[in-house]
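structure-v5.cif follows; it contains mmCIF, C-alpha atoms.
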```
data_run
#
loop_
_atom_site.label_atom_id
_atom_site.label_comp_id
_atom_site.auth_asym_id
_atom_site.auth_seq_id
_atom_site.Cartn_x
_atom_site.Cartn_y
_atom_site.Cartn_z
CA MET A 1 33.61 -28.67 -14.98
CA LYS A 2 30.82 -29.31 -17.52
CA LEU A 3 28.49 -30.36 -14.71
CA VAL A 4 29.18 -27.14 -12.78
CA LEU A 5 28.58 -25.09 -15.90
CA LYS A 6 25.30 -26.92 -16.57
CA VAL A 7 24.14 -26.29 -12.99
CA ILE A 8 24.99 -22.58 -13.29
CA ILE A 9 23.16 -22.28 -16.61
CA LEU A 10 20.16 -24.16 -15.23
CA PHE A 11 20.09 -21.93 -12.15
CA PHE A 12 20.15 -18.69 -14.09
CA SER A 13 17.64 -19.90 -16.65
CA THR A 14 15.09 -20.65 -13.89
CA VAL A 15 15.57 -17.52 -11.79
CA VAL A 16 12.30 -15.61 -11.63
CA PRO A 17 12.78 -12.01 -12.72
CA ALA A 18 12.19 -9.29 -10.14
CA LEU A 19 8.71 -7.87 -10.22
CA THR A 20 8.65 -4.37 -11.64
CA ASP A 21 5.16 -3.33 -10.62
CA ALA A 22 2.62 -3.88 -7.85
CA THR A 23 0.00 -5.68 -9.93
CA GLU A 24 1.29 -9.06 -8.75
CA TYR A 25 0.36 -8.36 -5.13
CA SER A 26 -2.79 -8.73 -3.13
CA PHE A 27 -3.73 -8.15 0.50
CA LYS A 28 -6.32 -9.91 2.62
CA SER A 29 -9.24 -7.53 2.99
CA ILE A 30 -10.57 -6.63 6.43
CA ASP A 31 -14.02 -7.39 4.94
CA GLY A 32 -12.99 -10.87 3.75
CA GLY A 33 -11.59 -11.86 0.39
CA TYR A 34 -8.68 -10.05 -1.19
CA LEU A 35 -7.66 -6.63 -2.45
CA ASP A 36 -5.98 -7.72 -5.68
CA PHE A 37 -3.82 -5.04 -7.28
CA LYS A 38 -4.41 -6.58 -10.73
CA LYS A 39 -7.94 -5.21 -10.63
CA TYR A 40 -6.55 -1.71 -10.02
CA LYS A 41 -4.57 -1.62 -13.27
CA GLY A 42 -5.52 1.61 -15.02
CA LYS A 43 -6.05 3.39 -11.71
CA ALA A 44 -3.73 5.33 -9.44
CA VAL A 45 -3.39 3.69 -6.01
CA LEU A 46 -2.46 5.37 -2.72
CA VAL A 47 -1.45 2.82 -0.06
CA THR A 48 -1.09 4.05 3.52
CA ASN A 49 0.08 2.04 6.53
CA THR A 50 -2.18 3.02 9.41
CA ALA A 51 -2.66 2.55 13.16
CA SER A 52 -5.65 3.32 15.36
CA ARG A 53 -3.73 4.63 18.37
CA CYS A 54 -1.23 6.94 16.69
CA GLY A 55 -0.91 10.71 16.82
CA PHE A 56 -1.52 10.69 13.05
CA THR A 57 -4.73 8.62 13.26
CA LYS A 58 -6.81 11.70 12.45
CA GLN A 59 -5.42 11.35 8.91
CA TYR A 60 -8.10 8.70 8.39
CA SER A 61 -10.46 11.65 7.81
CA ASP A 62 -8.32 12.94 4.93
CA LEU A 63 -7.87 9.44 3.52
CA GLU A 64 -11.65 9.05 3.41
CA LYS A 65 -12.09 12.55 1.97
CA LEU A 66 -9.58 11.72 -0.79
CA HIS A 67 -11.28 8.37 -1.41
CA ARG A 68 -14.72 9.93 -1.80
CA ALA A 69 -13.51 12.83 -3.97
CA TYR A 70 -11.36 10.74 -6.34
CA LYS A 71 -12.76 7.19 -6.47
CA ASN A 72 -14.82 7.99 -9.59
CA LYS A 73 -11.84 9.77 -11.18
CA GLY A 74 -9.59 6.70 -11.02
CA LEU A 75 -7.90 6.73 -7.61
CA VAL A 76 -7.99 3.82 -5.18
CA VAL A 77 -7.10 4.67 -1.56
CA ILE A 78 -6.12 1.68 0.57
CA ALA A 79 -5.46 1.61 4.32
CA VAL A 80 -3.09 -1.06 5.64
CA PRO A 81 -3.50 -1.31 9.43
CA SER A 82 -0.26 -2.43 11.03
CA ASN A 83 0.93 -3.05 14.56
CA ASP A 84 4.61 -2.85 13.66
CA PHE A 85 4.93 0.28 15.83
CA ASN A 86 2.72 -1.13 18.62
CA GLN A 87 -0.13 1.31 18.07
CA GLU A 88 -2.84 -0.83 16.50
CA LEU A 89 -5.87 -2.38 18.15
CA SER A 90 -5.82 -6.09 18.97
CA SER A 91 -8.03 -7.44 16.18
CA ASP A 92 -9.30 -6.75 12.67
CA SER A 93 -12.87 -6.47 13.97
CA LYS A 94 -11.84 -3.80 16.51
CA VAL A 95 -9.97 -1.86 13.82
CA LYS A 96 -12.92 -2.03 11.46
CA GLU A 97 -15.37 -0.91 14.16
CA PHE A 98 -13.08 1.93 15.30
CA CYS A 99 -12.63 3.22 11.74
CA SER A 100 -16.32 2.93 10.94
CA VAL A 101 -17.55 4.64 14.12
CA SER A 102 -14.80 7.28 14.40
CA PHE A 103 -14.28 8.16 10.73
CA ASP A 104 -17.19 6.65 8.75
CA LEU A 105 -14.54 4.89 6.69
CA THR A 106 -15.67 3.30 3.43
CA LEU A 107 -12.30 2.99 1.66
CA PRO A 108 -10.75 -0.47 1.20
CA MET A 109 -8.77 -1.75 4.17
CA THR A 110 -6.55 -4.76 4.63
CA GLU A 111 -6.34 -7.02 7.62
CA ILE A 112 -3.72 -6.03 10.21
CA THR A 113 -0.52 -6.53 8.20
CA SER A 114 3.19 -6.42 8.94
CA ILE A 115 5.00 -3.79 6.87
CA ARG A 116 8.57 -4.09 8.18
CA GLY A 117 11.07 -6.83 8.83
CA LYS A 118 11.12 -10.52 7.98
CA ARG A 119 7.36 -10.94 8.42
CA SER A 120 6.47 -7.96 6.23
CA HIS A 121 3.96 -8.33 3.44
CA PRO A 122 5.58 -9.10 0.05
CA PHE A 123 4.37 -5.71 -1.31
CA TYR A 124 6.40 -3.91 1.36
CA ARG A 125 9.40 -6.18 0.77
CA TRP A 126 9.18 -5.25 -2.93
CA LEU A 127 9.05 -1.54 -2.06
CA LYS A 128 12.13 -1.88 0.11
CA LYS A 129 14.13 -3.98 -2.35
CA GLU A 130 13.18 -2.28 -5.61
CA HIS A 131 12.50 1.30 -4.47
CA ASN A 132 14.43 1.68 -1.23
CA PHE A 133 11.19 2.58 0.55
CA GLN A 134 10.23 1.37 3.99
CA PRO A 135 7.78 3.13 6.31
CA LYS A 136 9.57 4.65 9.27
CA TRP A 137 6.31 5.22 11.14
CA ASN A 138 2.54 4.99 10.75
CA PHE A 139 0.77 6.85 7.96
CA TYR A 140 3.54 6.66 5.39
CA LYS A 141 1.99 6.79 1.94
CA VAL A 142 2.98 5.17 -1.35
CA LEU A 143 1.51 6.31 -4.65
CA LEU A 144 1.41 3.90 -7.59
CA ASP A 145 0.72 5.02 -11.14
CA LYS A 146 -1.91 3.50 -13.43
CA ASN A 147 0.43 0.65 -14.38
CA GLY A 148 1.20 -0.33 -10.79
CA GLN A 149 4.61 1.34 -10.92
CA PHE A 150 5.98 3.04 -7.81
CA HIS A 151 5.58 6.77 -8.40
CA SER A 152 6.26 8.54 -5.11
CA SER A 153 6.09 8.32 -1.34
CA PHE A 154 5.11 10.68 1.44
CA ASN A 155 5.92 10.55 5.14
CA SER A 156 3.54 10.84 8.09
CA LEU A 157 3.71 14.62 8.17
CA VAL A 158 2.16 14.91 4.70
CA LYS A 159 -1.61 14.78 5.06
CA PRO A 160 -3.47 12.65 2.50
CA TYR A 161 -5.52 15.58 1.16
CA SER A 162 -2.57 17.97 1.05
CA PRO A 163 -1.82 20.00 -2.10
CA SER A 164 1.40 18.03 -2.64
CA ILE A 165 -0.46 14.71 -2.88
CA ILE A 166 -3.43 16.14 -4.80
CA LYS A 167 -1.08 17.65 -7.41
CA VAL A 168 0.68 14.33 -8.06
CA VAL A 169 -2.57 12.35 -8.10
CA ASP A 170 -4.05 14.79 -10.64
CA GLU A 171 -0.94 14.45 -12.83
CA ILE A 172 -1.14 10.66 -12.78
CA LEU A 173 -4.86 10.64 -13.52
CA LYS A 174 -4.35 12.88 -16.59
CA GLN A 175 -1.94 10.34 -18.11
CA PRO A 176 -3.37 7.85 -20.62
#
```

Please, can you express the file's structure as structure tokens?
Amino acid sequence: MKLVLKVIILFFSTVVPALTDATEYSFKSIDGGYLDFKKYKGKAVLVTNTASRCGFTKQYSDLEKLHRAYKNKGLVVIAVPSNDFNQELSSDSKVKEFCSVSFDLTLPMTEITSIRGKRSHPFYRWLKKEHNFQPKWNFYKVLLDKNGQFHSSFNSLVKPYSPSIIKVVDEILKQP
């Protein structure tokens, strides 16, 4: 009985606490290296799962517009290309070229990344477990506050430069 109790105590004393914010995550950048969320502490972050062959792909224009208008105000806009809905190009280089040529994209992008299921990126597993959020389609958006806390999410129908997103971004950026 004492041995069982010791094992239980040992187990619970070594369990890693659940992460409460996104600053522990990083993505592989489409440009090489990493997009480390720790370096975004103090900034609002809008993360959008994207696809090059989707009916919502034109939202890249609004993502870039938002990026250019707000990057010096404290917002980071990140695109996460994903083929989880079978609408992404076949390689990172093709995605990068498509986004550059079609949308003059300069915002940070990850490599093609899984966002759903067992192979999903740990950031998306955290969103699902801790915030009951999982993209149901391409161009779902997640907004993190300046501390890396989940703030809100928006579905594909909400355009990145819509008044509903701009209002929330402005509120977050006004906070200390």

Task: Explicit residues for the PyMOL selection byres ((chain A and resi 71-85) around 6) (as a list in words) - done: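 Listing what the PyMOL selection byres ((chain A and resi 71-85) around 6) selects in the shown file: Lys43, Ala44, Val45, Leu46, Val47, Thr48, Asn49, Thr50, Ala51, His67, Arg68, Tyr70, Asn86, Gln87, Glu88, Pro108, Met109, Thr110, Ile112, Thr113 and Ser114 of chain A.
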
TODO: Apply the PyMOL selection byres ((chain A and resi 122-133) around 10) to the displayed file and report the matching residues as a ChimeraX atom specification.
DONE: /A:18-27,114-121,134-136,140,142,150-153

Open item on the list: With distances taken over all atoms listed in the file, which residue among A:Lys141, A:Lys39, A:Lys65, A:Lys28 lies nearest Leu157 in chain A?
Closed with: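 Selected residue with least distance to Leu157 in chain A: A:Lys141.
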
Task: Selection under test: the PyMOL selection byres ((chain A and resi 92) around 7); residues as a count of residues only - done: 8

- [ ] Could you please determine the separation between CA of Ser100 in chain A and CA of Asn138 in chain A in Å, to one decimal place?
- [x] 19.0 Å

Need the axis-aligned box for range 62-79 of chain A with 6 Å each side, so what are the centre and edges in Å to one decimal, as lines of an AutoDock Vina configuration file?
```
center_x = -10.1
center_y = 7.3
center_z = -3.1
size_x = 21.4
size_y = 23.3
size_z = 28.1
```

TODO: Provide the CA of Gln59 in chain A to CA of Phe154 in chain A distance in Å, to one decimal place.
DONE: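 Answer for the CA of Gln59 in chain A to CA of Phe154 in chain A separation: 12.9 Å.
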
Task: Distance of CA of Leu66 in chain A from CA of Ile166 in chain A, expressed in Å to one decimal place - done: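 About the pair CA of Ile166 in chain A and CA of Leu66 in chain A: they are 8.6 Å apart.
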
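Comparing A:Leu107, A:Phe56, A:Gly42, A:Gln175 by their smallest distance to Val158 in chain A, the closest is A:Phe56 (using all atoms listed in the file).
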
- [ ] Pick out the closest residue to Glu64 in chain A from this set: A:Leu143, A:Ile172, A:Leu105, A:Ile165. Count all atoms listed in the file.
- [x]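 Closest candidate: A:Leu105.
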
Mind rebuilding range 20-47 of chain A with N, CA and C atoms and writing that out as a PDB file, in the frame of the given file?
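Saved the output as rebuild16.pdb:
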```
ATOM      1  N   THR A  20       8.406  -5.799 -11.400  1.00  0.00           N
ATOM      2  CA  THR A  20       8.650  -4.370 -11.640  1.00  0.00           C
ATOM      3  C   THR A  20       7.451  -3.504 -11.309  1.00  0.00           C
ATOM      4  N   ASP A  21       6.319  -4.134 -11.007  1.00  0.00           N
ATOM      5  CA  ASP A  21       5.160  -3.330 -10.620  1.00  0.00           C
ATOM      6  C   ASP A  21       4.367  -4.061  -9.547  1.00  0.00           C
ATOM      7  N   ALA A  22       3.373  -3.373  -8.998  1.00  0.00           N
ATOM      8  CA  ALA A  22       2.620  -3.880  -7.850  1.00  0.00           C
ATOM      9  C   ALA A  22       1.445  -4.763  -8.241  1.00  0.00           C
ATOM     10  N   THR A  23       1.198  -4.941  -9.524  1.00  0.00           N
ATOM     11  CA  THR A  23       0.000  -5.680  -9.930  1.00  0.00           C
ATOM     12  C   THR A  23       0.054  -7.162  -9.568  1.00  0.00           C
ATOM     13  N   GLU A  24       1.178  -7.663  -9.142  1.00  0.00           N
ATOM     14  CA  GLU A  24       1.290  -9.060  -8.750  1.00  0.00           C
ATOM     15  C   GLU A  24       0.941  -9.298  -7.288  1.00  0.00           C
ATOM     16  N   TYR A  25       0.605  -8.238  -6.563  1.00  0.00           N
ATOM     17  CA  TYR A  25       0.360  -8.360  -5.130  1.00  0.00           C
ATOM     18  C   TYR A  25      -1.109  -8.261  -4.795  1.00  0.00           C
ATOM     19  N   SER A  26      -1.447  -8.872  -3.676  1.00  0.00           N
ATOM     20  CA  SER A  26      -2.790  -8.730  -3.130  1.00  0.00           C
ATOM     21  C   SER A  26      -2.670  -8.754  -1.603  1.00  0.00           C
ATOM     22  N   PHE A  27      -3.645  -8.176  -0.959  1.00  0.00           N
ATOM     23  CA  PHE A  27      -3.730  -8.150   0.500  1.00  0.00           C
ATOM     24  C   PHE A  27      -5.034  -8.827   0.908  1.00  0.00           C
ATOM     25  N   LYS A  28      -5.059  -9.421   2.071  1.00  0.00           N
ATOM     26  CA  LYS A  28      -6.320  -9.910   2.620  1.00  0.00           C
ATOM     27  C   LYS A  28      -7.124  -8.692   3.066  1.00  0.00           C
ATOM     28  N   SER A  29      -8.367  -8.645   2.644  1.00  0.00           N
ATOM     29  CA  SER A  29      -9.240  -7.530   2.990  1.00  0.00           C
ATOM     30  C   SER A  29      -9.803  -7.700   4.395  1.00  0.00           C
ATOM     31  N   ILE A  30      -9.979  -6.599   5.089  1.00  0.00           N
ATOM     32  CA  ILE A  30     -10.570  -6.630   6.430  1.00  0.00           C
ATOM     33  C   ILE A  30     -12.030  -7.081   6.358  1.00  0.00           C
ATOM     34  N   ASP A  31     -12.628  -6.977   5.159  1.00  0.00           N
ATOM     35  CA  ASP A  31     -14.020  -7.390   4.940  1.00  0.00           C
ATOM     36  C   ASP A  31     -14.129  -8.827   4.433  1.00  0.00           C
ATOM     37  N   GLY A  32     -13.010  -9.531   4.326  1.00  0.00           N
ATOM     38  CA  GLY A  32     -12.990 -10.870   3.750  1.00  0.00           C
ATOM     39  C   GLY A  32     -12.570 -10.787   2.296  1.00  0.00           C
ATOM     40  N   GLY A  33     -12.068 -11.854   1.762  1.00  0.00           N
ATOM     41  CA  GLY A  33     -11.590 -11.860   0.390  1.00  0.00           C
ATOM     42  C   GLY A  33     -10.246 -11.158   0.277  1.00  0.00           C
ATOM     43  N   TYR A  34      -9.982 -10.642  -0.920  1.00  0.00           N
ATOM     44  CA  TYR A  34      -8.680 -10.050  -1.190  1.00  0.00           C
ATOM     45  C   TYR A  34      -8.810  -8.707  -1.901  1.00  0.00           C
ATOM     46  N   LEU A  35      -7.840  -7.853  -1.673  1.00  0.00           N
ATOM     47  CA  LEU A  35      -7.660  -6.630  -2.450  1.00  0.00           C
ATOM     48  C   LEU A  35      -6.540  -6.941  -3.432  1.00  0.00           C
ATOM     49  N   ASP A  36      -6.911  -7.278  -4.648  1.00  0.00           N
ATOM     50  CA  ASP A  36      -5.980  -7.720  -5.680  1.00  0.00           C
ATOM     51  C   ASP A  36      -5.575  -6.528  -6.536  1.00  0.00           C
ATOM     52  N   PHE A  37      -4.295  -6.202  -6.547  1.00  0.00           N
ATOM     53  CA  PHE A  37      -3.820  -5.040  -7.280  1.00  0.00           C
ATOM     54  C   PHE A  37      -4.002  -5.175  -8.798  1.00  0.00           C
ATOM     55  N   LYS A  38      -4.161  -6.411  -9.289  1.00  0.00           N
ATOM     56  CA  LYS A  38      -4.410  -6.580 -10.730  1.00  0.00           C
ATOM     57  C   LYS A  38      -5.684  -5.861 -11.145  1.00  0.00           C
ATOM     58  N   LYS A  39      -6.678  -5.853 -10.272  1.00  0.00           N
ATOM     59  CA  LYS A  39      -7.940  -5.210 -10.630  1.00  0.00           C
ATOM     60  C   LYS A  39      -7.845  -3.683 -10.581  1.00  0.00           C
ATOM     61  N   TYR A  40      -6.739  -3.158 -10.071  1.00  0.00           N
ATOM     62  CA  TYR A  40      -6.550  -1.710 -10.020  1.00  0.00           C
ATOM     63  C   TYR A  40      -5.718  -1.181 -11.179  1.00  0.00           C
ATOM     64  N   LYS A  41      -5.325  -2.070 -12.091  1.00  0.00           N
ATOM     65  CA  LYS A  41      -4.570  -1.620 -13.270  1.00  0.00           C
ATOM     66  C   LYS A  41      -5.422  -0.596 -14.017  1.00  0.00           C
ATOM     67  N   GLY A  42      -4.798   0.513 -14.386  1.00  0.00           N
ATOM     68  CA  GLY A  42      -5.520   1.610 -15.020  1.00  0.00           C
ATOM     69  C   GLY A  42      -5.981   2.667 -14.029  1.00  0.00           C
ATOM     70  N   LYS A  43      -5.699   2.426 -12.751  1.00  0.00           N
ATOM     71  CA  LYS A  43      -6.050   3.390 -11.710  1.00  0.00           C
ATOM     72  C   LYS A  43      -4.791   3.757 -10.918  1.00  0.00           C
ATOM     73  N   ALA A  44      -4.773   4.957 -10.388  1.00  0.00           N
ATOM     74  CA  ALA A  44      -3.730   5.330  -9.440  1.00  0.00           C
ATOM     75  C   ALA A  44      -4.114   4.723  -8.091  1.00  0.00           C
ATOM     76  N   VAL A  45      -3.115   4.319  -7.302  1.00  0.00           N
ATOM     77  CA  VAL A  45      -3.390   3.690  -6.010  1.00  0.00           C
ATOM     78  C   VAL A  45      -2.525   4.356  -4.941  1.00  0.00           C
ATOM     79  N   LEU A  46      -3.173   4.812  -3.871  1.00  0.00           N
ATOM     80  CA  LEU A  46      -2.460   5.370  -2.720  1.00  0.00           C
ATOM     81  C   LEU A  46      -2.595   4.374  -1.572  1.00  0.00           C
ATOM     82  N   VAL A  47      -1.476   3.823  -1.134  1.00  0.00           N
ATOM     83  CA  VAL A  47      -1.450   2.820  -0.060  1.00  0.00           C
ATOM     84  C   VAL A  47      -0.830   3.484   1.163  1.00  0.00           C
TER      85      VAL A  47
END
```
